[in-house]
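Heads up, protein-v7.tsv below (TSV, C-alpha atoms):
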chain	number	residue	atom	x	y	z
M	144	MET	CA	-21.63	-5.16	-0.10
M	145	ARG	CA	-21.55	-1.55	-1.17
M	146	PRO	CA	-23.01	-0.87	-4.62
M	147	ARG	CA	-20.62	0.26	-7.35
M	148	GLU	CA	-22.35	3.61	-7.73
M	149	GLY	CA	-21.74	4.32	-4.04
M	150	PHE	CA	-17.95	4.15	-4.33
M	151	ALA	CA	-17.38	7.86	-4.91
M	152	SER	CA	-19.50	8.97	-1.97
M	153	PHE	CA	-17.96	6.26	0.19
M	154	TRP	CA	-14.48	7.46	-0.81
M	155	MET	CA	-15.34	11.06	0.11
M	156	SER	CA	-16.98	10.08	3.39
M	157	THR	CA	-14.03	7.99	4.59
M	158	MET	CA	-11.29	10.49	3.80
M	159	GLY	CA	-10.14	12.40	6.82
M	160	PRO	CA	-7.12	12.78	9.08
M	161	ASP	CA	-6.54	10.99	12.35
M	162	CYS	CA	-9.58	8.73	12.44
M	163	ASP	CA	-8.08	6.53	15.18
M	164	THR	CA	-10.88	4.76	16.99
M	165	ALA	CA	-8.82	4.72	20.19
M	166	PRO	CA	-6.78	7.95	20.25
M	167	GLN	CA	-3.86	7.93	22.66
M	168	LYS	CA	-2.99	10.65	25.15
M	169	ARG	CA	0.56	10.67	23.82
M	170	ARG	CA	0.71	11.19	20.08
M	171	PRO	CA	2.71	8.89	17.81
M	172	LEU	CA	5.90	10.58	16.63
M	173	ALA	CA	5.24	9.23	13.13
M	174	ALA	CA	2.17	11.49	12.97
M	175	LEU	CA	4.40	14.59	12.82
M	176	THR	CA	6.63	16.01	10.12
M	177	ARG	CA	10.01	17.30	11.19
M	178	GLU	CA	8.79	20.86	10.68
M	179	ALA	CA	5.71	20.26	12.85
M	180	LEU	CA	7.83	18.77	15.62
M	181	ALA	CA	10.23	21.75	15.45
M	182	GLY	CA	7.28	24.10	15.94
M	183	GLU	CA	5.98	22.16	18.92
M	184	LEU	CA	9.43	21.98	20.53
M	185	LYS	CA	9.91	25.71	20.05
M	186	GLY	CA	6.55	26.35	21.70
M	187	ALA	CA	7.67	24.22	24.66
M	188	GLY	CA	10.90	26.19	25.07
M	189	PHE	CA	13.33	23.88	23.28
M	190	ALA	CA	15.58	24.79	20.37
M	191	PRO	CA	13.86	23.91	17.07
M	192	TYR	CA	17.03	22.24	15.74
M	193	ARG	CA	16.43	19.46	18.26
M	194	ALA	CA	13.66	18.19	15.96
M	195	ARG	CA	16.29	17.39	13.36
M	196	GLN	CA	18.21	15.32	15.90
M	197	VAL	CA	15.11	13.53	17.15
M	198	MET	CA	13.92	12.59	13.67
M	199	HIS	CA	17.42	11.40	12.73
M	200	TRP	CA	17.37	9.02	15.67
M	201	PHE	CA	13.80	7.99	14.94
M	202	TYR	CA	14.07	7.26	11.20
M	203	PRO	CA	17.62	6.59	9.91
M	204	LYS	CA	18.83	5.16	13.22
M	205	GLY	CA	15.54	3.41	14.08
M	206	ALA	CA	15.45	4.32	17.78
M	207	GLY	CA	12.59	2.58	19.53
M	208	ASP	CA	12.51	4.82	22.59
M	209	PHE	CA	13.54	8.36	23.45
M	210	ALA	CA	16.14	7.30	26.03
M	211	ALA	CA	18.17	5.73	23.18
M	212	MET	CA	18.65	9.18	21.58
M	213	LYS	CA	22.11	9.79	23.03
M	214	ASN	CA	22.69	13.46	22.11
M	215	ILE	CA	19.28	14.62	23.34
M	216	PRO	CA	19.36	16.36	26.77
M	217	ALA	CA	17.53	14.71	29.64
M	218	GLY	CA	14.96	17.50	29.90
M	219	LEU	CA	13.93	17.06	26.29
M	220	VAL	CA	13.84	13.27	26.64
M	221	GLY	CA	11.40	13.72	29.50
M	222	TYR	CA	9.26	16.11	27.47
M	223	LEU	CA	9.21	13.77	24.49
M	224	ASP	CA	8.36	10.79	26.65
M	225	SER	CA	5.41	12.60	28.23
M	226	HIS	CA	3.98	13.92	24.96
M	227	TYR	CA	4.79	11.33	22.27
M	228	VAL	CA	5.28	7.61	21.69
M	229	CYS	CA	7.92	6.16	19.36
M	230	ARG	CA	5.55	3.41	18.24
M	231	SER	CA	1.78	3.24	18.59
M	232	SER	CA	1.87	-0.30	17.15
M	233	HIS	CA	4.07	-3.32	17.62
M	234	MET	CA	5.21	-6.20	15.47
M	235	VAL	CA	3.54	-9.45	16.46
M	236	ALA	CA	5.36	-11.80	14.07
M	237	ALA	CA	7.52	-11.88	10.97
M	238	HIS	CA	7.13	-14.95	8.74
M	239	ASP	CA	10.03	-15.63	6.36
M	240	SER	CA	8.90	-17.45	3.21
M	241	GLY	CA	12.41	-18.45	2.20
M	242	ASP	CA	12.13	-16.84	-1.23
M	243	GLY	CA	12.94	-13.26	-0.25
M	244	ALA	CA	9.54	-12.30	1.16
M	245	THR	CA	8.64	-11.75	4.80
M	246	LYS	CA	5.07	-11.24	6.00
M	247	ILE	CA	4.89	-8.83	8.93
M	248	GLN	CA	1.92	-8.97	11.29
M	249	ILE	CA	1.35	-5.76	13.22
M	250	ALA	CA	-0.87	-5.09	16.22
M	251	LEU	CA	-2.38	-1.61	16.22
M	252	ALA	CA	-3.17	0.44	19.32
M	253	ASP	CA	-6.87	-0.46	19.37
M	254	GLY	CA	-6.26	-4.20	19.12
M	255	GLU	CA	-6.83	-4.50	15.36
M	256	THR	CA	-4.15	-6.10	13.22
M	257	ALA	CA	-2.67	-5.42	9.80
M	258	GLU	CA	-0.19	-7.13	7.52
M	259	ALA	CA	2.65	-5.82	5.35
M	260	VAL	CA	5.14	-7.68	3.16
M	261	LEU	CA	8.87	-7.04	2.84
M	262	MET	CA	10.46	-8.35	-0.38
M	263	GLU	CA	14.18	-8.53	-1.12
M	264	ALA	CA	14.89	-9.43	-4.75
M	265	GLY	CA	17.04	-8.21	-7.64
M	266	GLY	CA	19.02	-5.84	-5.46
M	267	HIS	CA	15.88	-3.98	-4.39
M	268	VAL	CA	14.03	-3.97	-1.09
M	269	THR	CA	10.33	-3.44	-1.72
M	270	LEU	CA	7.73	-2.97	0.99
M	271	CYS	CA	4.07	-3.72	0.31
M	272	LEU	CA	1.99	-1.54	2.63
M	273	SER	CA	-1.59	-1.77	3.89
M	274	CYS	CA	-3.78	1.32	4.19
M	275	GLN	CA	-6.93	-0.18	5.72
M	276	VAL	CA	-7.65	-2.85	8.30
M	277	GLY	CA	-9.27	-5.28	5.89
M	278	CYS	CA	-11.01	-4.06	2.75
M	279	PRO	CA	-14.67	-3.19	2.02
M	280	LEU	CA	-14.62	-3.84	-1.73
M	281	GLY	CA	-15.02	-7.62	-1.72
M	282	CYS	CA	-12.97	-8.68	-4.76
M	283	LEU	CA	-13.94	-12.33	-5.26
M	284	PHE	CA	-10.40	-13.68	-5.66
M	285	CYS	CA	-8.80	-11.77	-2.76
M	286	ALA	CA	-8.46	-13.07	0.79
M	287	THR	CA	-8.51	-9.54	2.19
M	288	GLY	CA	-11.65	-8.64	0.27
M	289	GLN	CA	-13.44	-11.72	1.53
M	290	GLY	CA	-12.32	-11.17	5.12
M	291	GLY	CA	-14.24	-7.99	5.83
M	292	TYR	CA	-13.35	-4.45	6.83
M	293	ALA	CA	-12.72	-2.86	10.22
M	294	ARG	CA	-11.47	0.69	9.62
M	295	ASP	CA	-9.07	2.97	7.80
M	296	MET	CA	-5.50	3.27	8.98
M	297	ASP	CA	-4.09	6.61	10.05
M	298	ALA	CA	-1.02	7.98	8.25
M	299	HIS	CA	1.22	7.24	11.23
M	300	GLU	CA	0.08	3.60	11.26
M	301	ILE	CA	1.08	3.32	7.61
M	302	VAL	CA	4.48	4.89	8.32
M	303	GLU	CA	5.03	2.61	11.30
M	304	GLN	CA	4.73	-0.42	9.00
M	305	ALA	CA	7.85	0.86	7.28
M	306	LEU	CA	9.60	1.36	10.62
M	307	HIS	CA	8.84	-2.23	11.64
M	308	ALA	CA	9.99	-3.52	8.25
M	309	GLN	CA	13.22	-1.52	8.38
M	310	SER	CA	14.03	-3.03	11.76
M	311	LEU	CA	14.18	-6.48	10.13
M	312	LEU	CA	16.81	-5.48	7.57
M	313	ALA	CA	20.56	-5.67	7.91
M	314	ARG	CA	22.20	-2.40	8.93
M	315	GLU	CA	23.42	-1.68	5.40
M	316	SER	CA	20.02	-2.35	3.76
M	317	ARG	CA	17.20	0.12	3.33
M	318	VAL	CA	13.68	-0.03	1.94
M	319	SER	CA	14.07	1.28	-1.61
M	320	ASN	CA	10.58	0.85	-3.06
M	321	VAL	CA	7.09	1.09	-1.60
M	322	VAL	CA	3.86	-0.22	-3.11
M	323	PHE	CA	0.41	0.44	-1.64
M	324	MET	CA	-0.81	-3.01	-2.66
M	325	GLY	CA	-1.49	-4.59	0.71
M	326	MET	CA	-4.75	-4.63	2.64
M	327	GLY	CA	-7.28	-1.99	1.61
M	328	GLU	CA	-8.13	0.39	-1.24
M	329	PRO	CA	-5.92	3.52	-1.20
M	330	CYS	CA	-8.63	5.67	-2.79
M	331	LEU	CA	-10.86	5.03	0.21
M	332	ASN	CA	-8.19	6.41	2.53
M	333	LEU	CA	-6.35	8.73	0.19
M	334	GLU	CA	-5.50	11.56	2.57
M	335	ALA	CA	-3.67	9.19	4.91
M	336	VAL	CA	-1.94	7.44	1.98
M	337	LEU	CA	-0.65	10.73	0.56
M	338	ALA	CA	0.43	12.02	3.98
M	339	ALA	CA	2.34	8.79	4.61
M	340	SER	CA	3.89	9.01	1.12
M	341	GLU	CA	5.30	12.44	1.96
M	342	ILE	CA	7.06	11.07	5.03
M	343	LEU	CA	8.30	7.99	3.13
M	344	ASN	CA	9.76	10.38	0.54
M	345	ALA	CA	11.19	12.95	2.99
M	346	PRO	CA	15.02	13.11	3.09
M	347	TRP	CA	14.92	13.24	6.89
M	348	ALA	CA	12.82	10.06	7.08
M	349	PHE	CA	13.02	7.16	4.59
M	350	HIS	CA	14.15	9.18	1.54
M	351	ILE	CA	12.37	6.86	-0.91
M	352	GLY	CA	12.14	8.38	-4.38
M	353	ALA	CA	8.66	9.51	-5.41
M	354	ARG	CA	8.85	7.41	-8.58
M	355	LYS	CA	9.56	4.39	-6.39
M	356	ILE	CA	6.26	4.84	-4.53
M	357	ALA	CA	3.35	3.11	-6.27
M	358	ILE	CA	-0.31	3.62	-5.37
M	359	SER	CA	-2.54	0.79	-6.54
M	360	THR	CA	-6.26	1.40	-6.95
M	361	LEU	CA	-9.40	0.05	-8.57
M	362	GLY	CA	-9.57	3.42	-10.27
M	363	ASP	CA	-12.15	5.94	-9.11
M	364	PRO	CA	-11.68	8.76	-11.70
M	365	ARG	CA	-11.87	11.51	-9.06
M	366	CYS	CA	-9.26	9.75	-6.96
M	367	ILE	CA	-6.94	9.38	-9.95
M	368	GLU	CA	-7.30	13.12	-10.54
M	369	SER	CA	-6.33	13.77	-6.92
M	370	ILE	CA	-3.23	11.58	-7.25
M	371	ALA	CA	-2.29	13.46	-10.44
M	372	ARG	CA	-2.43	16.75	-8.47
M	373	PHE	CA	-0.27	15.36	-5.66
M	374	ARG	CA	3.04	17.19	-5.42
M	375	LEU	CA	5.04	13.95	-5.64
M	376	PRO	CA	5.24	12.18	-9.04
M	377	VAL	CA	4.27	8.77	-7.69
M	378	THR	CA	3.51	5.77	-9.88
M	379	LEU	CA	-0.13	4.94	-10.56
M	380	ALA	CA	-1.10	1.26	-10.71
M	381	VAL	CA	-4.65	0.40	-11.76
M	382	SER	CA	-6.19	-2.95	-10.86
M	383	LEU	CA	-8.11	-3.90	-14.00
M	384	HIS	CA	-8.41	-7.73	-14.11
M	385	SER	CA	-10.70	-7.74	-17.17
M	386	ALA	CA	-11.46	-5.57	-20.16
M	387	HIS	CA	-15.04	-6.89	-20.21
M	388	ALA	CA	-17.35	-4.70	-18.12
M	389	GLU	CA	-19.65	-7.51	-16.97
M	390	LEU	CA	-16.84	-9.86	-15.97
M	391	ARG	CA	-14.94	-7.13	-14.13
M	392	ALA	CA	-18.10	-6.13	-12.27
M	393	ARG	CA	-18.49	-9.74	-11.10
M	394	LEU	CA	-14.85	-10.16	-10.09
M	395	VAL	CA	-14.51	-6.76	-8.41
M	396	PRO	CA	-18.04	-5.77	-7.33
M	397	GLY	CA	-16.73	-2.63	-5.62
M	398	ALA	CA	-15.19	-1.26	-8.81
M	399	PRO	CA	-16.09	2.45	-9.09
M	400	ALA	CA	-16.11	2.66	-12.88
M	401	THR	CA	-16.22	0.53	-16.02
M	402	PRO	CA	-12.97	-0.64	-17.61
M	403	GLN	CA	-13.33	2.03	-20.31
M	404	GLU	CA	-13.93	4.81	-17.77
M	405	THR	CA	-11.04	3.62	-15.65
M	406	VAL	CA	-8.60	3.50	-18.57
M	407	GLU	CA	-9.69	6.95	-19.75
M	408	ALA	CA	-9.08	8.37	-16.27
M	409	ALA	CA	-5.65	6.73	-16.20
M	410	TRP	CA	-4.90	8.16	-19.65
M	411	ARG	CA	-5.70	11.65	-18.36
M	412	TYR	CA	-3.29	10.93	-15.50
M	413	PHE	CA	-0.56	10.11	-18.02
M	414	LYS	CA	-1.24	13.23	-20.07
M	415	SER	CA	-1.11	15.36	-16.93
M	416	THR	CA	1.98	13.79	-15.35
M	417	ARG	CA	3.76	12.04	-18.27
M	418	ARG	CA	4.06	9.05	-15.91
M	419	GLU	CA	3.38	5.66	-17.51
M	420	VAL	CA	0.48	3.82	-15.88
M	421	THR	CA	0.80	0.20	-14.77
M	422	TYR	CA	-2.26	-2.04	-15.13
M	423	GLU	CA	-2.49	-5.00	-12.78
M	424	TYR	CA	-4.23	-8.05	-14.15
M	425	VAL	CA	-4.75	-11.10	-11.89
M	426	LEU	CA	-4.86	-14.11	-14.21
M	427	LEU	CA	-7.51	-16.65	-13.17
M	428	ALA	CA	-7.50	-20.05	-14.88
M	429	GLY	CA	-10.48	-20.42	-17.22
M	430	VAL	CA	-11.93	-17.06	-16.19
M	431	ASN	CA	-9.96	-14.21	-17.78
M	432	ASP	CA	-6.90	-15.91	-19.30
M	433	SER	CA	-7.97	-16.68	-22.87
M	434	THR	CA	-6.53	-15.27	-26.08
M	435	GLY	CA	-9.83	-13.42	-26.48
M	436	ASP	CA	-9.34	-11.79	-23.07
M	437	ALA	CA	-5.86	-10.67	-24.10
M	438	GLU	CA	-7.20	-9.28	-27.39
M	439	ALA	CA	-9.92	-7.34	-25.55
M	440	LEU	CA	-7.35	-5.90	-23.14
M	441	ALA	CA	-5.08	-4.89	-26.02
M	442	ARG	CA	-7.99	-3.14	-27.75
M	443	LEU	CA	-8.86	-1.28	-24.55
M	444	LEU	CA	-5.27	-0.06	-24.14
M	445	ARG	CA	-4.64	0.66	-27.82
M	446	GLY	CA	-2.85	3.99	-28.25
M	447	LYS	CA	-2.30	4.37	-24.50
M	448	ARG	CA	1.07	4.57	-22.77
M	449	ALA	CA	0.74	1.57	-20.48
M	450	PHE	CA	2.41	-1.47	-18.98
M	451	VAL	CA	0.47	-4.59	-17.96
M	452	ASN	CA	1.64	-6.49	-14.89
M	453	VAL	CA	0.20	-9.99	-15.31
M	454	ILE	CA	-0.22	-11.62	-11.88
M	455	PRO	CA	-0.82	-15.38	-11.85
M	456	TYR	CA	-3.49	-16.06	-9.25
M	457	ASN	CA	-2.17	-16.97	-5.81
M	458	GLN	CA	-4.30	-19.68	-4.25
M	459	VAL	CA	-6.60	-18.67	-1.38
M	460	GLU	CA	-8.15	-21.44	0.66
M	461	GLY	CA	-11.91	-21.59	0.26
M	462	LEU	CA	-12.09	-19.57	-2.96
M	463	PRO	CA	-13.13	-21.28	-6.23
M	464	PHE	CA	-10.29	-20.06	-8.45
M	465	GLU	CA	-7.20	-21.77	-9.81
M	466	ARG	CA	-3.75	-20.57	-10.81
M	467	PRO	CA	-3.17	-20.87	-14.57
M	468	SER	CA	-0.25	-22.92	-15.85
M	469	SER	CA	3.06	-21.20	-16.55
M	470	HIS	CA	2.49	-21.99	-20.24
M	471	LYS	CA	-0.87	-20.17	-20.13
M	472	VAL	CA	0.67	-17.18	-18.35
M	473	ALA	CA	3.47	-16.90	-20.88
M	474	GLY	CA	0.99	-17.18	-23.74
M	475	PHE	CA	-1.15	-14.37	-22.32
M	476	VAL	CA	1.88	-12.11	-22.07
M	477	ARG	CA	2.93	-12.97	-25.64
M	478	SER	CA	-0.59	-12.20	-26.90
M	479	LEU	CA	-0.42	-8.72	-25.39
M	480	GLU	CA	3.06	-8.02	-26.69
M	481	ALA	CA	2.11	-9.20	-30.18
M	482	ARG	CA	-0.60	-6.51	-30.14
M	483	GLY	CA	1.76	-3.75	-29.10
M	484	VAL	CA	1.13	-3.78	-25.33
M	485	LYS	CA	4.11	-3.93	-23.00
M	486	ALA	CA	3.62	-6.68	-20.43
M	487	SER	CA	5.38	-9.11	-18.12
M	488	ALA	CA	4.40	-11.76	-15.59
M	489	ARG	CA	5.01	-10.97	-11.95
M	490	ARG	CA	7.08	-13.41	-9.96
M	491	SER	CA	5.03	-14.52	-6.97
M	492	LEU	CA	6.94	-14.17	-3.69
M	493	GLY	CA	5.71	-15.22	-0.27
M	494	ARG	CA	3.17	-17.85	-1.27
M	495	GLY	CA	4.50	-20.24	1.37
M	496	VAL	CA	3.48	-17.90	4.19
M	497	HIS	CA	0.36	-16.48	2.50
M	498	ALA	CA	2.09	-13.20	1.74
M	499	ALA	CA	1.69	-13.11	-2.04
M	500	CYS	CA	-0.67	-10.76	-3.88
M	501	GLY	CA	-4.25	-11.37	-2.78
M	502	GLN	CA	-3.38	-13.58	0.19
M	503	LEU	CA	-3.28	-11.07	3.06
M	504	ARG	CA	-6.08	-11.63	5.54
M	505	LEU	CA	-7.78	-9.55	8.19
M	506	ALA	CA	-6.98	-11.30	11.46
M	507	ARG	CA	-9.31	-10.40	14.30
M	508	PRO	CA	-7.65	-10.96	17.68
M	509	ALA	CA	-9.66	-12.59	20.44
M	510	GLY	CA	-8.92	-9.80	22.85
M	511	ARG	CA	-7.44	-6.34	22.96
M	512	LEU	CA	-3.70	-6.36	22.35
M	513	LYS	CA	-1.45	-4.36	24.62
For this file, produce the structure as structure tokens.
Amino acid sequence: MRPREGFASFWMSTMGPDCDTAPQKRRPLAALTREALAGELKGAGFAPYRARQVMHWFYPKGAGDFAAMKNIPAGLVGYLDSHYVCRSSHMVAAHDSGDGATKIQIALADGETAEAVLMEAGGHVTLCLSCQVGCPLGCLFCATGQGGYARDMDAHEIVEQALHAQSLLARESRVSNVVFMGMGEPCLNLEAVLAASEILNAPWAFHIGARKIAISTLGDPRCIESIARFRLPVTLAVSLHSAHAELRARLVPGAPATPQETVEAAWRYFKSTRREVTYEYVLLAGVNDSTGDAEALARLLRGKRAFVNVIPYNQVEGLPFERPSSHKVAGFVRSLEARGVKASARRSLGRGVHAACGQLRLARPAGRLK
């Protein structure tokens, strides 16, 4: 387990582009912006406007191979096929929970696996993305945190999760919201997360509004400052889970700062961006769900522009925590609201296929996947 004081240096040491442990000879198309592809095509003797056509086939039309791009000349198809791949990963399985959530298991090029969750509810299609293979922070109530860590994901691997998810939707449906709340800590792989966010937002790719992209983090202050400087006004979500420093340190031993330091950093984010911060609070029966816990949280957030997303614990086999009753959850939310803090309880989707918050696991395949 990495000590809390080592988080900042660990964050800095793990940031970096294209850290693929098994780089391919042909580059994934999702690793390029449309402008970068236009430059490479021009250098190879093709008209730069062809990049616009290629990316239109690749993203809005979801082409899985270059031969399917019908208005692309044969010579360019051959060039693309020899220099790029449409997918560096492939979807292993999609598990439908029956309540609007689908867990997607994805095999990466080096044989590692990752999971993402597609949720269709309330007229919105939300995709929960992973940014690391596993997670190194070891949150005690999280299946991913208890399952270990393999490596960071490259930006193109993050984007390809969205491509796989989109392929499961009906032709008239599109992913409308993205949350970086899957496997991994975004602040430990921030460069890839931000690069992927730019492609998710790009009109020529997924065209997801910046305000509909949420980055969830345990809250390293320097990372929050970096997100505030990002050109896209994304939503910041801070995983708090307790206003008591000692309890939070036990529940999330990889937390980079105290609750007070984290909230102050998030407040600076609000003052810089004028974007309301969401605080995520996993409610654990008999651990952090008392009226006193709600009062402490309200005191911590007093005077701050904030919204608390109360998440009833989703059971993880082998972990010693319980889900609080619906009565207890409602009472916790009422306690916050009575003290002037906006709050609501999150509806848990995907529990039947272990796709709900905190249930994603690092699956280690027996052999290398092809």
Which residues, written as a ChimeraX atom specification, have at least one atom at most 7 Å from range 405-422 of chain M, with all atoms listed in the file counted and residues fewer than 5 positions away on the same chain left out?
/M:362,364,367-368,371,378-383,400,447-452
Neighbour list for range 200-205 of chain M as an MDAnalysis selection string, cut-off 12 Å, all atoms listed in the file, skip fewer than 3 positions in-chain
chainID M and resid 171:173 175:177 193:197 208:215 228:230 302:303 305:312 314:318 342:350
Take the residues just selected and output them with C-alpha atoms as a PDB file, keeping the file's coordinate frame.
ATOM      1  CA  PRO M 171       2.710   8.890  17.810  1.00  0.00           C
ATOM      2  CA  LEU M 172       5.900  10.580  16.630  1.00  0.00           C
ATOM      3  CA  ALA M 173       5.240   9.230  13.130  1.00  0.00           C
ATOM      4  CA  LEU M 175       4.400  14.590  12.820  1.00  0.00           C
ATOM      5  CA  THR M 176       6.630  16.010  10.120  1.00  0.00           C
ATOM      6  CA  ARG M 177      10.010  17.300  11.190  1.00  0.00           C
ATOM      7  CA  ARG M 193      16.430  19.460  18.260  1.00  0.00           C
ATOM      8  CA  ALA M 194      13.660  18.190  15.960  1.00  0.00           C
ATOM      9  CA  ARG M 195      16.290  17.390  13.360  1.00  0.00           C
ATOM     10  CA  GLN M 196      18.210  15.320  15.900  1.00  0.00           C
ATOM     11  CA  VAL M 197      15.110  13.530  17.150  1.00  0.00           C
ATOM     12  CA  ASP M 208      12.510   4.820  22.590  1.00  0.00           C
ATOM     13  CA  PHE M 209      13.540   8.360  23.450  1.00  0.00           C
ATOM     14  CA  ALA M 210      16.140   7.300  26.030  1.00  0.00           C
ATOM     15  CA  ALA M 211      18.170   5.730  23.180  1.00  0.00           C
ATOM     16  CA  MET M 212      18.650   9.180  21.580  1.00  0.00           C
ATOM     17  CA  LYS M 213      22.110   9.790  23.030  1.00  0.00           C
ATOM     18  CA  ASN M 214      22.690  13.460  22.110  1.00  0.00           C
ATOM     19  CA  ILE M 215      19.280  14.620  23.340  1.00  0.00           C
ATOM     20  CA  VAL M 228       5.280   7.610  21.690  1.00  0.00           C
ATOM     21  CA  CYS M 229       7.920   6.160  19.360  1.00  0.00           C
ATOM     22  CA  ARG M 230       5.550   3.410  18.240  1.00  0.00           C
ATOM     23  CA  VAL M 302       4.480   4.890   8.320  1.00  0.00           C
ATOM     24  CA  GLU M 303       5.030   2.610  11.300  1.00  0.00           C
ATOM     25  CA  ALA M 305       7.850   0.860   7.280  1.00  0.00           C
ATOM     26  CA  LEU M 306       9.600   1.360  10.620  1.00  0.00           C
ATOM     27  CA  HIS M 307       8.840  -2.230  11.640  1.00  0.00           C
ATOM     28  CA  ALA M 308       9.990  -3.520   8.250  1.00  0.00           C
ATOM     29  CA  GLN M 309      13.220  -1.520   8.380  1.00  0.00           C
ATOM     30  CA  SER M 310      14.030  -3.030  11.760  1.00  0.00           C
ATOM     31  CA  LEU M 311      14.180  -6.480  10.130  1.00  0.00           C
ATOM     32  CA  LEU M 312      16.810  -5.480   7.570  1.00  0.00           C
ATOM     33  CA  ARG M 314      22.200  -2.400   8.930  1.00  0.00           C
ATOM     34  CA  GLU M 315      23.420  -1.680   5.400  1.00  0.00           C
ATOM     35  CA  SER M 316      20.020  -2.350   3.760  1.00  0.00           C
ATOM     36  CA  ARG M 317      17.200   0.120   3.330  1.00  0.00           C
ATOM     37  CA  VAL M 318      13.680  -0.030   1.940  1.00  0.00           C
ATOM     38  CA  ILE M 342       7.060  11.070   5.030  1.00  0.00           C
ATOM     39  CA  LEU M 343       8.300   7.990   3.130  1.00  0.00           C
ATOM     40  CA  ASN M 344       9.760  10.380   0.540  1.00  0.00           C
ATOM     41  CA  ALA M 345      11.190  12.950   2.990  1.00  0.00           C
ATOM     42  CA  PRO M 346      15.020  13.110   3.090  1.00  0.00           C
ATOM     43  CA  TRP M 347      14.920  13.240   6.890  1.00  0.00           C
ATOM     44  CA  ALA M 348      12.820  10.060   7.080  1.00  0.00           C
ATOM     45  CA  PHE M 349      13.020   7.160   4.590  1.00  0.00           C
ATOM     46  CA  HIS M 350      14.150   9.180   1.540  1.00  0.00           C
TER      47      HIS M 350
END
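Between CA of Asn457 in chain M and CA of Gly501 in chain M the separation is 6.7 Å.
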Need to verify the contact set: Phe284 in chain M, 12 Å, only C-alpha atoms, exclusion of same-chain residues closer than 5 positions in sequence. Can you return it as a count of residues only?
30
Could you name the residues that touch Leu443 in chain M at 10 Å or less, counting all atoms listed in the file, but leaving out those on the same chain fewer than 5 positions away, as a PyMOL selection string?
chain M and resi 385-387+402-403+406-407+437-438
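Computed from the coordinates, the CA of Ala488 in chain M to CA of Asp432 in chain M distance equals 12.6 Å.
Among the candidate residues M:Lys471, M:Lys168, M:Met262, M:Asp295, the one lying nearest to Gly241 in chain M is M:Met262, with distances computed using only C-alpha atoms.
Pairwise distance (CA of Gln304 in chain M, CA of Glu183 in chain M) equals 24.7 Å.
Considering the residues M:Ser273, M:Cys278, M:Pro376, M:Ala338 and counting all atoms listed in the file, His299 in chain M has its shortest atom-to-atom contact with M:Ala338.
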What's the 8 Å shell around Arg169 in chain M, counting only C-alpha atoms, without same-chain residues fewer than 4 positions away, as an NGL selection string?
:M and (225-228)
